[in-house]
>>> print(open('final_8.csv').read())   # CSV, N, CA and C atoms
chain,number,residue,atom,x,y,z
J,1,LEU,N,0.8,-1.2,0.0
J,1,LEU,CA,0.0,0.0,0.0
J,1,LEU,C,0.9,1.2,0.0
J,2,PRO,N,0.6,2.2,-0.8
J,2,PRO,CA,1.5,3.3,-1.0
J,2,PRO,C,1.4,4.3,0.2
J,3,ASP,N,0.5,4.2,1.2
J,3,ASP,CA,0.5,5.1,2.3
J,3,ASP,C,1.3,4.6,3.5
J,4,GLN,N,2.0,3.5,3.3
J,4,GLN,CA,2.8,2.9,4.4
J,4,GLN,C,4.2,3.4,4.3
J,5,ARG,N,4.9,3.5,5.5
J,5,ARG,CA,6.3,3.9,5.5
J,5,ARG,C,7.1,2.8,4.9
J,6,ALA,N,7.9,3.1,3.9
J,6,ALA,CA,8.7,2.2,3.2
J,6,ALA,C,10.1,2.1,3.7
J,7,ASP,N,10.2,1.2,4.8
J,7,ASP,CA,11.6,1.1,5.4
J,7,ASP,C,12.3,-0.2,4.9
J,8,THR,N,12.2,-0.4,3.6
J,8,THR,CA,12.9,-1.5,3.0
J,8,THR,C,13.8,-1.0,1.9
J,9,PRO,N,14.8,-1.7,1.4
J,9,PRO,CA,15.7,-1.2,0.3
J,9,PRO,C,14.9,-0.9,-0.9
J,10,GLY,N,15.3,0.1,-1.6
J,10,GLY,CA,14.7,0.5,-2.9
J,10,GLY,C,13.6,1.5,-2.8
J,11,ASN,N,13.4,2.1,-1.6
J,11,ASN,CA,12.4,3.1,-1.5
J,11,ASN,C,13.0,4.5,-1.8
J,12,LEU,N,12.1,5.5,-1.9
J,12,LEU,CA,12.5,6.9,-2.1
J,12,LEU,C,11.9,7.8,-1.1
J,13,VAL,N,12.6,8.9,-0.8
J,13,VAL,CA,12.0,9.9,0.0
J,13,VAL,C,11.3,10.9,-0.9
J,14,VAL,N,10.0,11.0,-0.8
J,14,VAL,CA,9.2,11.8,-1.6
J,14,VAL,C,8.2,12.6,-0.8
J,15,ASP,N,7.8,13.8,-1.2
J,15,ASP,CA,6.9,14.6,-0.4
J,15,ASP,C,5.5,13.8,-0.3
J,16,PHE,N,5.0,13.9,0.9
J,16,PHE,CA,3.7,13.3,1.2
J,16,PHE,C,3.0,14.3,2.2
J,17,LEU,N,1.9,14.9,1.8
J,17,LEU,CA,1.2,15.9,2.6
J,17,LEU,C,2.1,17.0,3.1
J,18,GLY,N,3.1,17.4,2.3
J,18,GLY,CA,3.9,18.5,2.6
J,18,GLY,C,5.2,18.2,3.4
J,19,ARG,N,5.5,16.9,3.6
J,19,ARG,CA,6.7,16.5,4.4
J,19,ARG,C,7.3,15.4,3.7
J,20,PRO,N,8.7,15.2,3.7
J,20,PRO,CA,9.4,14.1,3.1
J,20,PRO,C,9.0,12.8,3.8
J,21,ALA,N,8.8,11.8,3.0
J,21,ALA,CA,8.3,10.5,3.6
J,21,ALA,C,9.0,9.4,2.8
J,22,LEU,N,9.4,8.3,3.5
J,22,LEU,CA,9.9,7.1,2.8
J,22,LEU,C,8.7,6.5,2.0
J,23,THR,N,8.9,6.2,0.8
J,23,THR,CA,7.7,5.8,-0.1
J,23,THR,C,8.1,4.6,-1.0
J,24,TYR,N,7.2,3.7,-1.1
J,24,TYR,CA,7.5,2.5,-2.0
J,24,TYR,C,7.4,3.0,-3.4
J,25,THR,N,8.2,2.4,-4.3
J,25,THR,CA,8.2,2.7,-5.7
J,25,THR,C,7.5,1.7,-6.5
J,26,GLY,N,6.9,0.7,-5.9
J,26,GLY,CA,6.3,-0.4,-6.7
J,26,GLY,C,5.2,0.0,-7.7
J,27,PRO,N,4.3,0.8,-7.3
J,27,PRO,CA,3.2,1.2,-8.3
J,27,PRO,C,3.8,1.9,-9.5
J,28,ALA,N,4.8,2.8,-9.3
J,28,ALA,CA,5.4,3.5,-10.4
J,28,ALA,C,6.2,2.6,-11.3
J,29,THR,N,7.0,1.7,-10.6
J,29,THR,CA,7.9,0.8,-11.3
J,29,THR,C,7.1,-0.2,-12.2
J,30,LEU,N,6.0,-0.7,-11.6
J,30,LEU,CA,5.2,-1.6,-12.3
J,30,LEU,C,4.5,-1.0,-13.5
J,31,ALA,N,4.0,0.2,-13.4
J,31,ALA,CA,3.4,1.0,-14.5
J,31,ALA,C,4.4,1.3,-15.6
J,32,LEU,N,5.6,1.6,-15.2
J,32,LEU,CA,6.6,1.9,-16.2
J,32,LEU,C,7.0,0.7,-17.0
J,33,ARG,N,7.1,-0.4,-16.3
J,33,ARG,CA,7.6,-1.7,-16.9
J,33,ARG,C,6.5,-2.3,-17.8
J,34,THR,N,5.2,-2.1,-17.5
J,34,THR,CA,4.1,-2.7,-18.3
J,34,THR,C,3.4,-1.8,-19.2
J,35,GLY,N,3.6,-0.5,-19.0
J,35,GLY,CA,2.8,0.5,-19.7
J,35,GLY,C,1.4,0.7,-19.2
J,36,ALA,N,1.1,0.0,-18.1
J,36,ALA,CA,-0.3,0.1,-17.5
J,36,ALA,C,-0.5,1.5,-16.9
J,37,LEU,N,-1.8,1.8,-16.9
J,37,LEU,CA,-2.2,3.0,-16.1
J,37,LEU,C,-2.2,2.7,-14.6
J,38,ILE,N,-2.1,3.8,-13.8
J,38,ILE,CA,-2.3,3.6,-12.4
J,38,ILE,C,-3.7,4.1,-12.1
J,39,LEU,N,-4.5,3.2,-11.5
J,39,LEU,CA,-5.9,3.5,-11.2
J,39,LEU,C,-6.1,3.5,-9.7
J,40,PRO,N,-6.0,4.7,-9.1
J,40,PRO,CA,-6.2,4.8,-7.6
J,40,PRO,C,-7.6,4.3,-7.2
J,41,CYS,N,-7.6,3.5,-6.2
J,41,CYS,CA,-8.9,3.0,-5.7
J,41,CYS,C,-9.0,3.3,-4.2
J,42,PHE,N,-10.1,3.6,-3.7
J,42,PHE,CA,-10.3,4.0,-2.3
J,42,PHE,C,-11.6,3.4,-1.7
J,43,GLY,N,-11.6,3.2,-0.4
J,43,GLY,CA,-12.8,2.7,0.3
J,43,GLY,C,-13.2,3.8,1.3
J,44,ARG,N,-14.4,4.2,1.3
J,44,ARG,CA,-14.9,5.2,2.3
J,44,ARG,C,-16.1,4.6,3.1
J,45,ARG,N,-16.0,4.8,4.4
J,45,ARG,CA,-17.1,4.3,5.2
J,45,ARG,C,-18.2,5.3,5.2
J,46,THR,N,-19.5,4.9,5.0
J,46,THR,CA,-20.6,5.8,4.9
J,46,THR,C,-21.3,5.9,6.3
J,47,GLU,N,-22.2,6.8,6.4
J,47,GLU,CA,-22.9,7.1,7.7
J,47,GLU,C,-23.6,5.9,8.2
J,48,ASP,N,-24.1,5.0,7.3
J,48,ASP,CA,-24.8,3.8,7.7
J,48,ASP,C,-23.9,2.6,7.8
J,49,ASN,N,-22.6,2.9,8.0
J,49,ASN,CA,-21.6,1.9,8.3
J,49,ASN,C,-21.3,0.9,7.2
J,50,ARG,N,-21.5,1.3,6.0
J,50,ARG,CA,-21.1,0.5,4.8
J,50,ARG,C,-19.8,1.1,4.2
J,51,ILE,N,-19.1,0.3,3.4
J,51,ILE,CA,-17.9,0.8,2.7
J,51,ILE,C,-18.3,0.9,1.2
J,52,VAL,N,-18.0,2.1,0.7
J,52,VAL,CA,-18.2,2.4,-0.7
J,52,VAL,C,-16.8,2.5,-1.3
J,53,CYS,N,-16.6,1.6,-2.3
J,53,CYS,CA,-15.3,1.6,-3.0
J,53,CYS,C,-15.5,2.4,-4.3
J,54,TYR,N,-14.5,3.2,-4.7
J,54,TYR,CA,-14.6,4.0,-5.9
J,54,TYR,C,-13.1,4.3,-6.4
J,55,PHE,N,-13.1,4.7,-7.6
J,55,PHE,CA,-11.8,4.9,-8.3
J,55,PHE,C,-11.6,6.4,-8.6
J,56,ALA,N,-10.4,6.9,-8.5
J,56,ALA,CA,-10.1,8.2,-8.9
J,56,ALA,C,-9.6,8.2,-10.3
J,57,GLN,N,-9.3,9.3,-10.9
J,57,GLN,CA,-8.9,9.4,-12.3
J,57,GLN,C,-7.6,8.6,-12.5
J,58,PRO,N,-7.6,7.7,-13.5
J,58,PRO,CA,-6.4,7.0,-13.8
J,58,PRO,C,-5.3,7.9,-14.4
J,59,PHE,N,-4.1,7.5,-14.3
J,59,PHE,CA,-3.0,8.3,-14.9
J,59,PHE,C,-1.9,7.4,-15.3
J,60,SER,N,-1.1,7.9,-16.3
J,60,SER,CA,0.0,7.2,-16.8
J,60,SER,C,1.3,7.9,-16.4
J,61,ILE,N,2.4,7.2,-16.5
J,61,ILE,CA,3.7,7.8,-16.3
J,61,ILE,C,4.5,7.7,-17.6
J,62,GLU,N,4.8,8.9,-18.1
J,62,GLU,CA,5.5,9.0,-19.4
J,62,GLU,C,7.0,8.5,-19.3
J,63,HIS,N,7.5,7.8,-20.3
J,63,HIS,CA,8.9,7.4,-20.3
J,63,HIS,C,9.7,8.5,-20.9
J,64,SER,N,10.7,9.0,-20.1
J,64,SER,CA,11.6,10.1,-20.5
J,64,SER,C,12.9,9.5,-21.0
J,65,GLY,N,13.2,8.3,-20.8
J,65,GLY,CA,14.5,7.7,-21.1
J,65,GLY,C,15.4,7.6,-19.9
J,66,ASP,N,15.0,8.3,-18.8
J,66,ASP,CA,15.7,8.3,-17.5
J,66,ASP,C,14.9,7.5,-16.5
J,67,ARG,N,15.2,6.2,-16.4
J,67,ARG,CA,14.3,5.3,-15.5
J,67,ARG,C,14.2,5.8,-14.1
J,68,ASP,N,15.3,6.3,-13.5
J,68,ASP,CA,15.2,6.7,-12.1
J,68,ASP,C,14.3,8.0,-12.0
J,69,ALA,N,14.5,8.9,-12.9
J,69,ALA,CA,13.7,10.1,-12.9
J,69,ALA,C,12.2,9.8,-13.1
J,70,ASP,N,11.9,8.8,-14.0
J,70,ASP,CA,10.5,8.4,-14.2
J,70,ASP,C,9.9,7.8,-13.0
J,71,ILE,N,10.7,6.9,-12.3
J,71,ILE,CA,10.1,6.3,-11.1
J,71,ILE,C,9.9,7.3,-10.0
J,72,LEU,N,10.8,8.3,-9.9
J,72,LEU,CA,10.6,9.3,-8.9
J,72,LEU,C,9.3,10.1,-9.2
J,73,ARG,N,9.2,10.5,-10.5
J,73,ARG,CA,8.0,11.3,-10.9
J,73,ARG,C,6.7,10.5,-10.7
J,74,GLY,N,6.8,9.2,-11.1
J,74,GLY,CA,5.6,8.4,-10.9
J,74,GLY,C,5.2,8.2,-9.4
J,75,THR,N,6.2,8.0,-8.6
J,75,THR,CA,6.0,7.9,-7.1
J,75,THR,C,5.4,9.2,-6.5
J,76,ARG,N,5.9,10.3,-7.0
J,76,ARG,CA,5.3,11.6,-6.6
J,76,ARG,C,3.8,11.6,-7.0
J,77,MET,N,3.5,11.2,-8.2
J,77,MET,CA,2.1,11.2,-8.7
J,77,MET,C,1.2,10.3,-7.8
J,78,VAL,N,1.7,9.1,-7.4
J,78,VAL,CA,1.0,8.3,-6.6
J,78,VAL,C,0.7,8.9,-5.2
J,79,ASN,N,1.8,9.5,-4.6
J,79,ASN,CA,1.6,10.2,-3.3
J,79,ASN,C,0.6,11.4,-3.5
J,80,GLN,N,0.6,12.1,-4.6
J,80,GLN,CA,-0.3,13.2,-4.8
J,80,GLN,C,-1.7,12.7,-4.9
J,81,ALA,N,-2.0,11.6,-5.6
J,81,ALA,CA,-3.3,11.1,-5.7
J,81,ALA,C,-3.8,10.7,-4.3
J,82,LEU,N,-3.0,10.0,-3.5
J,82,LEU,CA,-3.4,9.6,-2.2
J,82,LEU,C,-3.6,10.8,-1.3
J,83,ALA,N,-2.8,11.8,-1.4
J,83,ALA,CA,-2.9,13.0,-0.5
J,83,ALA,C,-4.2,13.7,-0.9
J,84,ARG,N,-4.6,13.8,-2.1
J,84,ARG,CA,-5.8,14.5,-2.5
J,84,ARG,C,-7.0,13.8,-1.8
J,85,GLU,N,-7.0,12.5,-1.8
J,85,GLU,CA,-8.1,11.7,-1.2
J,85,GLU,C,-8.1,11.9,0.3
J,86,ILE,N,-6.9,11.9,0.9
J,86,ILE,CA,-6.9,12.1,2.4
J,86,ILE,C,-7.4,13.5,2.8
J,87,LEU,N,-7.0,14.5,2.0
J,87,LEU,CA,-7.5,15.8,2.3
J,87,LEU,C,-9.0,16.0,2.0
J,88,ARG,N,-9.5,15.2,1.1
J,88,ARG,CA,-10.9,15.2,0.8
J,88,ARG,C,-11.7,14.6,2.0
J,89,TYR,N,-11.2,13.5,2.5
J,89,TYR,CA,-11.9,12.8,3.6
J,89,TYR,C,-10.9,12.4,4.7
J,90,PRO,N,-10.4,13.4,5.5
J,90,PRO,CA,-9.4,13.2,6.4
J,90,PRO,C,-9.8,12.2,7.6
J,91,ALA,N,-11.0,12.2,7.9
J,91,ALA,CA,-11.5,11.3,9.0
J,91,ALA,C,-11.5,9.8,8.6
J,92,GLN,N,-11.4,9.6,7.3
J,92,GLN,CA,-11.4,8.2,6.8
J,92,GLN,C,-10.0,7.5,6.8
J,93,TRP,N,-9.0,8.3,7.0
J,93,TRP,CA,-7.6,7.8,6.9
J,93,TRP,C,-7.2,7.2,8.2
J,94,LEU,N,-7.1,5.9,8.3
J,94,LEU,CA,-6.7,5.2,9.5
J,94,LEU,C,-5.2,5.1,9.5
J,95,TRP,N,-4.6,5.6,10.6
J,95,TRP,CA,-3.2,5.8,10.6
J,95,TRP,C,-2.6,5.1,11.8
J,96,MET,N,-1.6,4.2,11.7
J,96,MET,CA,-1.1,3.4,12.8
J,96,MET,C,0.4,3.6,13.0
J,97,HIS,N,1.1,4.3,12.2
J,97,HIS,CA,2.5,4.5,12.4
J,97,HIS,C,3.0,5.8,11.9
J,98,ASN,N,4.2,6.2,12.2
J,98,ASN,CA,4.8,7.5,11.7
J,98,ASN,C,5.2,7.4,10.3
J,99,ARG,N,4.4,7.9,9.4
J,99,ARG,CA,4.7,7.8,7.9
J,99,ARG,C,5.9,8.7,7.6
J,100,TRP,N,6.2,9.6,8.4
J,100,TRP,CA,7.3,10.6,8.1
J,100,TRP,C,8.6,10.2,8.8
J,101,ASP,N,8.7,9.1,9.4
J,101,ASP,CA,10.0,8.7,10.1
J,101,ASP,C,11.0,8.3,9.0
J,102,LEU,N,12.0,9.1,8.8
J,102,LEU,CA,12.9,8.9,7.7
J,102,LEU,C,14.0,7.9,8.0
J,103,GLU,N,14.1,7.4,9.2
J,103,GLU,CA,15.1,6.5,9.6
J,103,GLU,C,14.7,5.1,9.1
J,104,ARG,N,15.6,4.5,8.4
J,104,ARG,CA,15.4,3.2,7.8
J,104,ARG,C,15.2,2.1,8.9
J,105,GLY,N,14.3,1.2,8.7
J,105,GLY,CA,14.1,0.1,9.7
J,105,GLY,C,15.4,-0.7,10.0
J,106,GLU,N,16.2,-0.9,9.0
J,106,GLU,CA,17.4,-1.8,9.2
J,106,GLU,C,18.3,-1.1,10.2
J,107,HIS,N,18.4,0.3,10.1
J,107,HIS,CA,19.3,1.0,11.1
J,107,HIS,C,18.7,0.9,12.4
J,108,ARG,N,17.4,1.0,12.6
J,108,ARG,CA,16.7,1.0,13.8
J,108,ARG,C,17.0,-0.4,14.5
J,109,ARG,N,16.9,-1.4,13.7
J,109,ARG,CA,17.1,-2.8,14.3
J,109,ARG,C,18.5,-3.0,14.7
J,110,LYS,N,19.5,-2.5,14.0
J,110,LYS,CA,20.9,-2.6,14.4
J,110,LYS,C,21.1,-1.9,15.7
J,111,ARG,N,20.5,-0.7,15.9
J,111,ARG,CA,20.7,0.0,17.1
J,111,ARG,C,20.2,-0.7,18.3
J,112,ARG,N,19.0,-1.4,18.2
J,112,ARG,CA,18.4,-2.2,19.3
J,112,ARG,C,19.3,-3.3,19.7
J,113,LYS,N,20.1,-3.9,18.8
J,113,LYS,CA,20.9,-5.1,19.1
J,113,LYS,C,22.2,-4.8,19.8
J,114,GLN,N,22.5,-3.5,20.0
J,114,GLN,CA,23.7,-3.1,20.7
J,114,GLN,C,23.6,-3.6,22.1
J,115,PRO,N,24.7,-4.0,22.7
J,115,PRO,CA,24.7,-4.4,24.1
J,115,PRO,C,24.4,-3.2,25.0
J,116,PRO,N,23.9,-3.5,26.2
J,116,PRO,CA,23.7,-2.3,27.2
J,116,PRO,C,25.0,-1.8,27.7
J,117,PRO,N,25.0,-0.6,28.1
J,117,PRO,CA,26.3,0.0,28.7
J,117,PRO,C,26.8,-0.9,29.8
J,118,PRO,N,28.1,-0.9,30.1
J,118,PRO,CA,28.7,-1.7,31.2
J,118,PRO,C,28.0,-1.2,32.5
J,119,GLY,N,27.8,-2.2,33.4
J,119,GLY,CA,27.2,-1.9,34.7
J,119,GLY,C,25.7,-2.0,34.7
J,120,GLN,N,25.1,-2.4,33.6
J,120,GLN,CA,23.6,-2.5,33.6
J,120,GLN,C,23.2,-3.9,33.4
>>> encode(input="final_8.csv", output="structure tokens")
Amino acid sequence: LPDQRADTPGNLVVDFLGRPALTYTGPATLALRTGALILPCFGRRTEDNRIVCYFAQPFSIEHSGDRDADILRGTRMVNQALAREILRYPAQWLWMHNRWDLERGEHRRKRRKQPPPPGQ
């Protein structure tokens, strides 16, 4: 899911709701490799406690000849589509972790494995 913090290798730091955030590149990479459109899909809870699923405007990522630049541009476009929806229905966005934590998970795990200071 593109709204999760991407603390695995191969991610990019891309603006998300006005702040830099570790972001997965999978949607943009897949679209560039296959030529497929990206079709954002969302689920919104209604007042009568049902879920309505709907699609936003599909978009494509143009090939410029610079693969890295294309993936970055496409990843930004994915974050922008998600941000538009969150700003439209902010109460619908369930959030369970710090999306803007730029420290990679692998570094965090290494720090935890360090032995305690002497005398403890």
>>> atom_distance(input="final_8.csv", atom1="atom C of J:Ser60", atom2="atom CA of J:Leu37")
6.0 Å
>>> select_by_dssp(input="final_8.csv", residues="chain J", states="alpha helix (DSSP H)", output="ChimeraX atom specification")
/J:26-34,67-88,105-112
>>> closest_residue(input="final_8.csv", among="J:Leu102, J:Val52, J:Ala28, J:Ala83", to="J:Asp70", atoms="all atoms listed in the file")
J:Ala28
>>> atom_distance(input="final_8.csv", atom1="atom C of J:Phe55", atom2="atom N of J:Arg76")
18.0 Å
>>> select_by_dssp(input="final_8.csv", residues="chain J", states="strand (DSSP E)", output="count of residues only")
20
>>> residues_around(input="final_8.csv", residues="J:Gly35", least_positions_apart="2", cutoff="12 Å", atoms="only C-alpha atoms", output="VMD selection string")
chain J and resid 27 to 33 37 to 38 59 to 63
>>> atom_distance(input="final_8.csv", atom1="atom CA of J:Arg88", atom2="atom CA of J:Gly74")
21.3 Å
>>> residues_around(input="final_8.csv", residues="stretch 19-24 of chain J", least_positions_apart="3", cutoff="7 Å", atoms="only C-alpha atoms", output="ChimeraX atom specification")
/J:2,5-7,11-16,99-102
>>> write_last_selection(input="final_8.csv", atoms="N, CA and C atoms", output="mmCIF file, in the coordinates of the input")
data_model
loop_
_atom_site.group_PDB
_atom_site.id
_atom_site.type_symbol
_atom_site.label_atom_id
_atom_site.label_comp_id
_atom_site.auth_asym_id
_atom_site.auth_seq_id
_atom_site.Cartn_x
_atom_site.Cartn_y
_atom_site.Cartn_z
ATOM 1 N N PRO J 2 0.600 2.200 -0.800
ATOM 2 C CA PRO J 2 1.500 3.300 -1.000
ATOM 3 C C PRO J 2 1.400 4.300 0.200
ATOM 4 N N ARG J 5 4.900 3.500 5.500
ATOM 5 C CA ARG J 5 6.300 3.900 5.500
ATOM 6 C C ARG J 5 7.100 2.800 4.900
ATOM 7 N N ALA J 6 7.900 3.100 3.900
ATOM 8 C CA ALA J 6 8.700 2.200 3.200
ATOM 9 C C ALA J 6 10.100 2.100 3.700
ATOM 10 N N ASP J 7 10.200 1.200 4.800
ATOM 11 C CA ASP J 7 11.600 1.100 5.400
ATOM 12 C C ASP J 7 12.300 -0.200 4.900
ATOM 13 N N ASN J 11 13.400 2.100 -1.600
ATOM 14 C CA ASN J 11 12.400 3.100 -1.500
ATOM 15 C C ASN J 11 13.000 4.500 -1.800
ATOM 16 N N LEU J 12 12.100 5.500 -1.900
ATOM 17 C CA LEU J 12 12.500 6.900 -2.100
ATOM 18 C C LEU J 12 11.900 7.800 -1.100
ATOM 19 N N VAL J 13 12.600 8.900 -0.800
ATOM 20 C CA VAL J 13 12.000 9.900 0.000
ATOM 21 C C VAL J 13 11.300 10.900 -0.900
ATOM 22 N N VAL J 14 10.000 11.000 -0.800
ATOM 23 C CA VAL J 14 9.200 11.800 -1.600
ATOM 24 C C VAL J 14 8.200 12.600 -0.800
ATOM 25 N N ASP J 15 7.800 13.800 -1.200
ATOM 26 C CA ASP J 15 6.900 14.600 -0.400
ATOM 27 C C ASP J 15 5.500 13.800 -0.300
ATOM 28 N N PHE J 16 5.000 13.900 0.900
ATOM 29 C CA PHE J 16 3.700 13.300 1.200
ATOM 30 C C PHE J 16 3.000 14.300 2.200
ATOM 31 N N ARG J 99 4.400 7.900 9.400
ATOM 32 C CA ARG J 99 4.700 7.800 7.900
ATOM 33 C C ARG J 99 5.900 8.700 7.600
ATOM 34 N N TRP J 100 6.200 9.600 8.400
ATOM 35 C CA TRP J 100 7.300 10.600 8.100
ATOM 36 C C TRP J 100 8.600 10.200 8.800
ATOM 37 N N ASP J 101 8.700 9.100 9.400
ATOM 38 C CA ASP J 101 10.000 8.700 10.100
ATOM 39 C C ASP J 101 11.000 8.300 9.000
ATOM 40 N N LEU J 102 12.000 9.100 8.800
ATOM 41 C CA LEU J 102 12.900 8.900 7.700
ATOM 42 C C LEU J 102 14.000 7.900 8.000
#
>>> closest_residue(input="final_8.csv", among="J:Leu72, J:Met77, J:Ala91, J:Met96", to="J:Arg45", atoms="only N, CA and C atoms")
J:Ala91
>>> closest_residue(input="final_8.csv", among="J:Asn49, J:Phe42, J:Arg67, J:Gln57", to="J:Glu85", atoms="only C-alpha atoms")
J:Phe42
>>> build_atoms(input="final_8.csv", residues="stretch 33-48 of chain J", atoms="N, CA, C and O atoms", output="mmCIF file, keeping the file's coordinate frame")
data_model
loop_
_atom_site.group_PDB
_atom_site.id
_atom_site.type_symbol
_atom_site.label_atom_id
_atom_site.label_comp_id
_atom_site.auth_asym_id
_atom_site.auth_seq_id
_atom_site.Cartn_x
_atom_site.Cartn_y
_atom_site.Cartn_z
ATOM 1 N N ARG J 33 7.100 -0.400 -16.300
ATOM 2 C CA ARG J 33 7.600 -1.700 -16.900
ATOM 3 C C ARG J 33 6.500 -2.300 -17.800
ATOM 4 O O ARG J 33 6.803 -2.891 -18.852
ATOM 5 N N THR J 34 5.200 -2.100 -17.500
ATOM 6 C CA THR J 34 4.100 -2.700 -18.300
ATOM 7 C C THR J 34 3.400 -1.800 -19.200
ATOM 8 O O THR J 34 2.672 -2.210 -20.049
ATOM 9 N N GLY J 35 3.600 -0.500 -19.000
ATOM 10 C CA GLY J 35 2.800 0.500 -19.700
ATOM 11 C C GLY J 35 1.400 0.700 -19.200
ATOM 12 O O GLY J 35 0.550 1.346 -19.844
ATOM 13 N N ALA J 36 1.100 0.000 -18.100
ATOM 14 C CA ALA J 36 -0.300 0.100 -17.500
ATOM 15 C C ALA J 36 -0.500 1.500 -16.900
ATOM 16 O O ALA J 36 0.370 2.183 -16.458
ATOM 17 N N LEU J 37 -1.800 1.800 -16.900
ATOM 18 C CA LEU J 37 -2.200 3.000 -16.100
ATOM 19 C C LEU J 37 -2.200 2.700 -14.600
ATOM 20 O O LEU J 37 -2.356 1.580 -14.217
ATOM 21 N N ILE J 38 -2.100 3.800 -13.800
ATOM 22 C CA ILE J 38 -2.300 3.600 -12.400
ATOM 23 C C ILE J 38 -3.700 4.100 -12.100
ATOM 24 O O ILE J 38 -4.132 5.175 -12.531
ATOM 25 N N LEU J 39 -4.500 3.200 -11.500
ATOM 26 C CA LEU J 39 -5.900 3.500 -11.200
ATOM 27 C C LEU J 39 -6.100 3.500 -9.700
ATOM 28 O O LEU J 39 -6.232 2.491 -9.024
ATOM 29 N N PRO J 40 -6.000 4.700 -9.100
ATOM 30 C CA PRO J 40 -6.200 4.800 -7.600
ATOM 31 C C PRO J 40 -7.600 4.300 -7.200
ATOM 32 O O PRO J 40 -8.594 4.725 -7.799
ATOM 33 N N CYS J 41 -7.600 3.500 -6.200
ATOM 34 C CA CYS J 41 -8.900 3.000 -5.700
ATOM 35 C C CYS J 41 -9.000 3.300 -4.200
ATOM 36 O O CYS J 41 -7.957 3.099 -3.456
ATOM 37 N N PHE J 42 -10.100 3.600 -3.700
ATOM 38 C CA PHE J 42 -10.300 4.000 -2.300
ATOM 39 C C PHE J 42 -11.600 3.400 -1.700
ATOM 40 O O PHE J 42 -12.512 3.095 -2.481
ATOM 41 N N GLY J 43 -11.600 3.200 -0.400
ATOM 42 C CA GLY J 43 -12.800 2.700 0.300
ATOM 43 C C GLY J 43 -13.200 3.800 1.300
ATOM 44 O O GLY J 43 -12.323 4.187 2.080
ATOM 45 N N ARG J 44 -14.400 4.200 1.300
ATOM 46 C CA ARG J 44 -14.900 5.200 2.300
ATOM 47 C C ARG J 44 -16.100 4.600 3.100
ATOM 48 O O ARG J 44 -17.020 4.104 2.481
ATOM 49 N N ARG J 45 -16.000 4.800 4.400
ATOM 50 C CA ARG J 45 -17.100 4.300 5.200
ATOM 51 C C ARG J 45 -18.200 5.300 5.200
ATOM 52 O O ARG J 45 -18.006 6.533 5.302
ATOM 53 N N THR J 46 -19.500 4.900 5.000
ATOM 54 C CA THR J 46 -20.600 5.800 4.900
ATOM 55 C C THR J 46 -21.300 5.900 6.300
ATOM 56 O O THR J 46 -20.905 5.216 7.263
ATOM 57 N N GLU J 47 -22.200 6.800 6.400
ATOM 58 C CA GLU J 47 -22.900 7.100 7.700
ATOM 59 C C GLU J 47 -23.600 5.900 8.200
ATOM 60 O O GLU J 47 -23.820 5.688 9.407
ATOM 61 N N ASP J 48 -24.100 5.000 7.300
ATOM 62 C CA ASP J 48 -24.800 3.800 7.700
ATOM 63 C C ASP J 48 -23.900 2.600 7.800
ATOM 64 O O ASP J 48 -24.297 1.477 7.783
#
